Amino acid sequence: MKASGSTVVTLGDVAVVRRSFEDPTGFARLDGEPAVALEVKKKRIGANIIETTNEIRNVLEGEQDRMPESVRVTYLQDQSQEVRSTLGDLQNNVVMAVLLVMMVTVVTLGWRNSLLVGLSIPGSFLAGIIVLSWLGYTLNIVVLFSLILVLGMLVDAAVVTTELADRRLAGGLFAPRGL
């Protein structure tokens, strides 16, 4: 039973309760000791696995004082750690890509073009993430992979555009006209 304000949720509200006995079909053991396993298998579509895991940990930490001293809580198969690691790797790869692109464009096109190309990458990523958020989409592996693929097209388009603008400037196309 869980009470929150004037609302009470009982086990019968969320499950079918029958007074019976059933032979166990499996055993949970951790480090050779008997254990009780609670597996959170499926999250809601669009839910953030990192936030879900944090909420579960907060609930268990809040209930820790109500548990017997002999109960030890252990987290197994926590996928949020892998997601955090993947996001960190993506962030590092984007930073390295920006730096490498800027170095190559500085050598080939000069500082002004390099700065424009270098700023277009994080600006486009930010704009893409904002649009995804407005549309109600969440970041997942497919979206992140797509952003990395678009990075190549973005750099190519930025280099071609700045190179064309430089050629037009050098040819006097945008020179100020006399009165």
# chains A, B, ... in the order shown; residues from 1 in each chain; ligands from 1

$ select_by_dssp --residues "chain A" --states "strand (DSSP E)" --output "count of residues only"
10

$ residues_around --residues "segment 142-159 of chain A" --least-positions-apart "5" --cutoff "12 Å" --atoms "only C-alpha atoms" --output "PyMOL selection string"
chain A and resi 83+86-91+93-95+97-98+100-102+104-106+108-110+112-129+132-133+137+164-166

$ atom_distance --atom1 "atom CA of Leu139 of chain A" --atom2 "atom CA of Ser85 of chain A"
14.3 Å

$ atom_distance --atom1 "atom CA of Gln79 of chain A" --atom2 "atom CA of Ile49 of chain A"
7.7 Å

$ closest_atom_pairs --of "segment 60-170 of chain A" --to "segment 12-34 of chain A" --cutoff "12 Å" --atoms "only C-alpha atoms" --output "CSV"
residue,atom,partner,partner_atom,distance
A:Val71,CA,A:Pro34,CA,11.2
A:Arg72,CA,A:Leu30,CA,10.4
A:Val73,CA,A:Leu30,CA,10.7
A:Thr74,CA,A:Leu30,CA,9.0
A:Tyr75,CA,A:Leu30,CA,10.9
A:Leu76,CA,A:Leu30,CA,10.0

$ write_last_selection --atoms "all heavy atoms" --output "short mmCIF file (atom, residue, chain, number, x, y, z; two decimals), in the first residue's frame"
data_model
loop_
_atom_site.label_atom_id
_atom_site.label_comp_id
_atom_site.auth_asym_id
_atom_site.auth_seq_id
_atom_site.Cartn_x
_atom_site.Cartn_y
_atom_site.Cartn_z
N VAL A 71 19.63 -6.17 4.17
CA VAL A 71 19.29 -6.01 2.75
C VAL A 71 20.35 -5.13 2.09
O VAL A 71 20.65 -4.04 2.55
CB VAL A 71 17.88 -5.39 2.57
CG1 VAL A 71 17.62 -5.06 1.10
CG2 VAL A 71 16.82 -6.34 3.10
N ARG A 72 20.89 -5.66 1.00
CA ARG A 72 21.89 -4.92 0.23
C ARG A 72 21.33 -4.71 -1.17
O ARG A 72 20.92 -5.64 -1.84
CB ARG A 72 23.18 -5.72 0.16
CG ARG A 72 24.31 -5.06 -0.58
CD ARG A 72 25.57 -5.87 -0.48
NE ARG A 72 25.32 -7.29 -0.76
CZ ARG A 72 25.96 -7.98 -1.67
NH1 ARG A 72 26.92 -7.43 -2.37
NH2 ARG A 72 25.68 -9.25 -1.87
N VAL A 73 21.30 -3.46 -1.63
CA VAL A 73 20.77 -3.13 -2.96
C VAL A 73 21.95 -3.04 -3.92
O VAL A 73 22.92 -2.34 -3.68
CB VAL A 73 20.00 -1.79 -2.93
CG1 VAL A 73 19.54 -1.42 -4.33
CG2 VAL A 73 18.84 -1.86 -1.96
N THR A 74 21.84 -3.79 -5.02
CA THR A 74 22.87 -3.81 -6.06
C THR A 74 22.20 -3.58 -7.40
O THR A 74 21.13 -4.11 -7.67
CB THR A 74 23.59 -5.18 -6.07
OG1 THR A 74 24.09 -5.44 -4.77
CG2 THR A 74 24.73 -5.17 -7.05
N TYR A 75 22.84 -2.78 -8.23
CA TYR A 75 22.31 -2.48 -9.56
C TYR A 75 23.10 -3.29 -10.59
O TYR A 75 24.31 -3.16 -10.67
CB TYR A 75 22.41 -0.99 -9.88
CG TYR A 75 21.68 -0.14 -8.87
CD1 TYR A 75 22.34 0.43 -7.79
CD2 TYR A 75 20.31 0.09 -9.01
CE1 TYR A 75 21.65 1.20 -6.88
CE2 TYR A 75 19.63 0.86 -8.09
CZ TYR A 75 20.30 1.41 -7.03
OH TYR A 75 19.63 2.17 -6.11
N LEU A 76 22.39 -4.09 -11.37
CA LEU A 76 23.02 -4.90 -12.41
C LEU A 76 22.45 -4.51 -13.76
O LEU A 76 21.30 -4.09 -13.87
CB LEU A 76 22.76 -6.39 -12.16
CG LEU A 76 23.21 -6.93 -10.80
CD1 LEU A 76 22.71 -8.34 -10.61
CD2 LEU A 76 24.71 -6.87 -10.69
#

$ atom_distance --atom1 "atom CA of Ser80 of chain A" --atom2 "atom CA of Val9 of chain A"
28.8 Å

$ residues_around --residues "segment 66-70 of chain A" --least-positions-apart "6" --cutoff "12 Å" --atoms "only C-alpha atoms" --output "ChimeraX atom specification"
/A:35,59-60

$ write_last_selection --atoms "N, CA, C and O atoms" --output "PDB file, in the first residue's frame"
ATOM      1  N   ALA A  35      18.964 -14.073  -3.525  1.00  0.00           N
ATOM      2  CA  ALA A  35      18.652 -12.671  -3.767  1.00  0.00           C
ATOM      3  C   ALA A  35      17.234 -12.538  -4.300  1.00  0.00           C
ATOM      4  O   ALA A  35      16.639 -13.489  -4.773  1.00  0.00           O
ATOM      5  N   VAL A  59      14.299   6.591  -5.538  1.00  0.00           N
ATOM      6  CA  VAL A  59      13.246   5.904  -4.781  1.00  0.00           C
ATOM      7  C   VAL A  59      13.874   4.883  -3.836  1.00  0.00           C
ATOM      8  O   VAL A  59      13.519   4.803  -2.654  1.00  0.00           O
ATOM      9  N   LEU A  60      14.829   4.094  -4.348  1.00  0.00           N
ATOM     10  CA  LEU A  60      15.458   3.074  -3.502  1.00  0.00           C
ATOM     11  C   LEU A  60      16.275   3.692  -2.376  1.00  0.00           C
ATOM     12  O   LEU A  60      16.289   3.172  -1.259  1.00  0.00           O
TER      13      LEU A  60
END

$ select_by_dssp --residues "segment 32-179 of chain A" --states "helix (DSSP H, G or I)" --output "PyMOL selection string"
chain A and resi 49-66+79-109+111-134+141-170

$ write_last_selection --atoms "C-alpha atoms" --output "JSON list (two decimals), in the first residue's frame"
[["chain", "number", "residue", "atom", "x", "y", "z"],
["A", 49, "ILE", "CA", 16.75, 6.05, -19.71],
["A", 50, "ILE", "CA", 19.15, 8.20, -17.66],
["A", 51, "GLU", "CA", 16.28, 10.01, -15.91],
["A", 52, "THR", "CA", 14.40, 6.73, -15.39],
["A", 53, "THR", "CA", 17.45, 5.12, -13.79],
["A", 54, "ASN", "CA", 18.04, 8.18, -11.61],
["A", 55, "GLU", "CA", 14.41, 8.11, -10.43],
["A", 56, "ILE", "CA", 14.67, 4.41, -9.56],
["A", 57, "ARG", "CA", 17.88, 5.04, -7.61],
["A", 58, "ASN", "CA", 16.28, 7.99, -5.77],
["A", 59, "VAL", "CA", 13.25, 5.90, -4.78],
["A", 60, "LEU", "CA", 15.46, 3.07, -3.50],
["A", 61, "GLU", "CA", 17.73, 5.46, -1.60],
["A", 62, "GLY", "CA", 14.66, 7.08, 0.00],
["A", 63, "GLU", "CA", 13.36, 3.67, 1.09],
["A", 64, "GLN", "CA", 16.77, 2.41, 2.30],
["A", 65, "ASP", "CA", 16.08, 3.43, 5.92],
["A", 66, "ARG", "CA", 12.88, 1.32, 5.93],
["A", 79, "GLN", "CA", 22.26, 0.61, -19.42],
["A", 80, "SER", "CA", 22.29, 4.27, -18.40],
["A", 81, "GLN", "CA", 26.05, 4.03, -17.85],
["A", 82, "GLU", "CA", 26.50, 2.92, -21.47],
["A", 83, "VAL", "CA", 24.26, 5.76, -22.69],
["A", 84, "ARG", "CA", 26.24, 8.29, -20.65],
["A", 85, "SER", "CA", 29.47, 6.91, -22.09],
["A", 86, "THR", "CA", 28.10, 7.05, -25.65],
["A", 87, "LEU", "CA", 26.95, 10.65, -25.20],
["A", 88, "GLY", "CA", 30.38, 11.58, -23.81],
["A", 89, "ASP", "CA", 32.09, 9.91, -26.77],
["A", 90, "LEU", "CA", 29.81, 11.74, -29.17],
["A", 91, "GLN", "CA", 30.59, 15.07, -27.53],
["A", 92, "ASN", "CA", 34.33, 14.39, -27.71],
["A", 93, "ASN", "CA", 34.07, 13.29, -31.36],
["A", 94, "VAL", "CA", 32.16, 16.43, -32.33],
["A", 95, "VAL", "CA", 34.74, 18.64, -30.62],
["A", 96, "MET", "CA", 37.58, 16.79, -32.35],
["A", 97, "ALA", "CA", 35.79, 17.01, -35.70],
["A", 98, "VAL", "CA", 35.37, 20.77, -35.31],
["A", 99, "LEU", "CA", 39.04, 21.19, -34.43],
["A", 100, "LEU", "CA", 40.26, 18.99, -37.29],
["A", 101, "VAL", "CA", 38.00, 20.70, -39.82],
["A", 102, "MET", "CA", 39.16, 24.12, -38.62],
["A", 103, "MET", "CA", 42.81, 23.11, -38.88],
["A", 104, "VAL", "CA", 42.37, 21.80, -42.42],
["A", 105, "THR", "CA", 40.36, 24.82, -43.53],
["A", 106, "VAL", "CA", 42.85, 27.25, -41.95],
["A", 107, "VAL", "CA", 45.60, 25.66, -44.01],
["A", 108, "THR", "CA", 43.61, 25.55, -47.24],
["A", 109, "LEU", "CA", 41.16, 28.46, -47.06],
["A", 111, "TRP", "CA", 41.20, 32.09, -40.98],
["A", 112, "ARG", "CA", 37.93, 33.77, -41.98],
["A", 113, "ASN", "CA", 36.58, 30.74, -43.83],
["A", 114, "SER", "CA", 37.82, 28.41, -41.11],
["A", 115, "LEU", "CA", 35.96, 30.40, -38.47],
["A", 116, "LEU", "CA", 32.73, 30.31, -40.50],
["A", 117, "VAL", "CA", 33.00, 26.57, -41.09],
["A", 118, "GLY", "CA", 33.97, 25.91, -37.45],
["A", 119, "LEU", "CA", 31.01, 27.88, -36.10],
["A", 120, "SER", "CA", 28.54, 26.30, -38.49],
["A", 121, "ILE", "CA", 29.07, 22.81, -37.04],
["A", 122, "PRO", "CA", 28.06, 23.40, -33.41],
["A", 123, "GLY", "CA", 25.45, 25.93, -34.52],
["A", 124, "SER", "CA", 23.81, 23.40, -36.82],
["A", 125, "PHE", "CA", 23.91, 20.69, -34.15],
["A", 126, "LEU", "CA", 22.27, 23.07, -31.66],
["A", 127, "ALA", "CA", 19.61, 24.07, -34.19],
["A", 128, "GLY", "CA", 18.94, 20.41, -35.03],
["A", 129, "ILE", "CA", 18.55, 19.43, -31.38],
["A", 130, "ILE", "CA", 16.23, 22.41, -30.73],
["A", 131, "VAL", "CA", 14.03, 21.44, -33.71],
["A", 132, "LEU", "CA", 13.93, 17.81, -32.52],
["A", 133, "SER", "CA", 12.89, 19.02, -29.07],
["A", 134, "TRP", "CA", 10.14, 21.26, -30.51],
["A", 141, "ILE", "CA", 21.31, 6.23, -31.22],
["A", 142, "VAL", "CA", 19.64, 6.63, -34.62],
["A", 143, "VAL", "CA", 19.27, 10.40, -34.20],
["A", 144, "LEU", "CA", 22.84, 10.80, -32.96],
["A", 145, "PHE", "CA", 24.20, 8.68, -35.83],
["A", 146, "SER", "CA", 22.20, 10.79, -38.28],
["A", 147, "LEU", "CA", 23.68, 13.97, -36.83],
["A", 148, "ILE", "CA", 27.17, 12.57, -37.34],
["A", 149, "LEU", "CA", 26.34, 11.65, -40.96],
["A", 150, "VAL", "CA", 24.97, 15.13, -41.61],
["A", 151, "LEU", "CA", 28.22, 16.56, -40.24],
["A", 152, "GLY", "CA", 30.05, 15.47, -43.40],
["A", 153, "MET", "CA", 27.50, 17.11, -45.68],
["A", 154, "LEU", "CA", 27.52, 20.23, -43.52],
["A", 155, "VAL", "CA", 31.30, 20.62, -43.70],
["A", 156, "ASP", "CA", 31.26, 20.06, -47.45],
["A", 157, "ALA", "CA", 28.53, 22.65, -48.00],
["A", 158, "ALA", "CA", 30.22, 25.19, -45.72],
["A", 159, "VAL", "CA", 33.59, 24.79, -47.47],
["A", 160, "VAL", "CA", 32.05, 25.10, -50.95],
["A", 161, "THR", "CA", 30.02, 28.16, -49.95],
["A", 162, "THR", "CA", 32.90, 30.02, -48.31],
["A", 163, "GLU", "CA", 35.23, 29.14, -51.18],
["A", 164, "LEU", "CA", 32.71, 30.53, -53.69],
["A", 165, "ALA", "CA", 32.26, 33.70, -51.63],
["A", 166, "ASP", "CA", 36.05, 34.18, -51.48],
["A", 167, "ARG", "CA", 36.37, 33.75, -55.24],
["A", 168, "ARG", "CA", 33.58, 36.28, -55.84],
["A", 169, "LEU", "CA", 35.17, 38.73, -53.39],
["A", 170, "ALA", "CA", 38.55, 38.35, -55.10]]

$ decode --residues "segment 47-62 of chain A" --atoms "N, CA, C and O atoms" --output "compact mmCIF listing (two decimals), in the first residue's frame"
# COMPACT_ATOMS: atom_id res chain seq x y z
N ALA A 47 10.84 7.87 -23.24
CA ALA A 47 11.35 8.18 -21.90
C ALA A 47 12.88 8.20 -21.93
O ALA A 47 13.50 7.50 -22.72
N ASN A 48 13.45 8.98 -21.07
CA ASN A 48 14.89 9.12 -20.98
C ASN A 48 15.42 8.05 -20.03
O ASN A 48 15.06 8.04 -18.85
N ILE A 49 16.27 7.16 -20.54
CA ILE A 49 16.75 6.05 -19.71
C ILE A 49 17.61 6.55 -18.55
O ILE A 49 17.59 5.98 -17.47
N ILE A 50 18.32 7.65 -18.75
CA ILE A 50 19.15 8.20 -17.66
C ILE A 50 18.25 8.74 -16.55
O ILE A 50 18.48 8.46 -15.37
N GLU A 51 17.21 9.48 -16.92
CA GLU A 51 16.28 10.01 -15.91
C GLU A 51 15.53 8.88 -15.21
O GLU A 51 15.32 8.93 -14.00
N THR A 52 15.11 7.86 -15.98
CA THR A 52 14.40 6.73 -15.39
C THR A 52 15.28 6.02 -14.37
O THR A 52 14.83 5.72 -13.25
N THR A 53 16.53 5.78 -14.72
CA THR A 53 17.45 5.12 -13.79
C THR A 53 17.69 5.98 -12.55
O THR A 53 17.72 5.46 -11.43
N ASN A 54 17.84 7.28 -12.75
CA ASN A 54 18.04 8.18 -11.61
C ASN A 54 16.83 8.17 -10.68
O ASN A 54 16.98 8.19 -9.45
N GLU A 55 15.62 8.16 -11.25
CA GLU A 55 14.41 8.11 -10.43
C GLU A 55 14.33 6.82 -9.62
O GLU A 55 13.97 6.83 -8.45
N ILE A 56 14.68 5.70 -10.26
CA ILE A 56 14.67 4.41 -9.56
C ILE A 56 15.67 4.44 -8.40
O ILE A 56 15.37 4.01 -7.28
N ARG A 57 16.87 4.96 -8.67
CA ARG A 57 17.88 5.04 -7.61
C ARG A 57 17.42 5.95 -6.47
O ARG A 57 17.63 5.64 -5.30
N ASN A 58 16.77 7.08 -6.81
CA ASN A 58 16.28 7.99 -5.77
C ASN A 58 15.21 7.34 -4.91
O ASN A 58 15.19 7.51 -3.69
N VAL A 59 14.30 6.59 -5.54
CA VAL A 59 13.25 5.90 -4.78
C VAL A 59 13.87 4.88 -3.84
O VAL A 59 13.52 4.80 -2.65
N LEU A 60 14.83 4.09 -4.35
CA LEU A 60 15.46 3.07 -3.50
C LEU A 60 16.28 3.69 -2.38
O LEU A 60 16.29 3.17 -1.26
N GLU A 61 16.97 4.80 -2.66
CA GLU A 61 17.73 5.46 -1.60
C GLU A 61 16.80 6.04 -0.54
O GLU A 61 17.10 6.02 0.65
N GLY A 62 15.63 6.54 -0.96
CA GLY A 62 14.66 7.08 0.00
C GLY A 62 14.05 5.99 0.86
O GLY A 62 13.65 6.25 2.01
